[in-house]
Amino acid sequence: MLKNEEIIMKKGMDCLNKNLGVIEIEMFISAIMKSAYDYTQWRKEYFENAYKERNGSQLENFLNAAANNDPHGVSFGLDI
């Protein structure tokens, strides 16, 4: 194994140990190994959804502020 891979493996195991128990770690590794898990695709979908949720809540806050003529929100005198 290359040195960089060893470092990444250690960091990954440290993260798993910090957040999961021994049995959960085994279950996690087993699930990854037996599935057609595609981290790159998961990561893309995760960040797309996070972006939509964040921007959706910002839009909702903006629309609520506009509808309520909230002086602390952005209002363009829209009658929503």
# chains A, B, ... in the order shown; residues from 1 in each chain; ligands from 1
>>> residues_around(residues="Phe28 of chain A", least_positions_apart="3", cutoff="12 Å", atoms="only C-alpha atoms", output="list in words")
Gly12, Met13, Leu16, Asn17, Asn19, Leu20, Gly21, Val22, Ile23, Glu24, Ile25, Ala31, Ile32, Met33, Lys34, Ser35 and Tyr37 of chain A
>>> atom_distance(atom1="atom CA of Glu45 of chain A", atom2="atom CA of Ile8 of chain A")
23.1 Å
>>> atom_distance(atom1="atom CA of Trp42 of chain A", atom2="atom CA of Ile29 of chain A")
16.1 Å
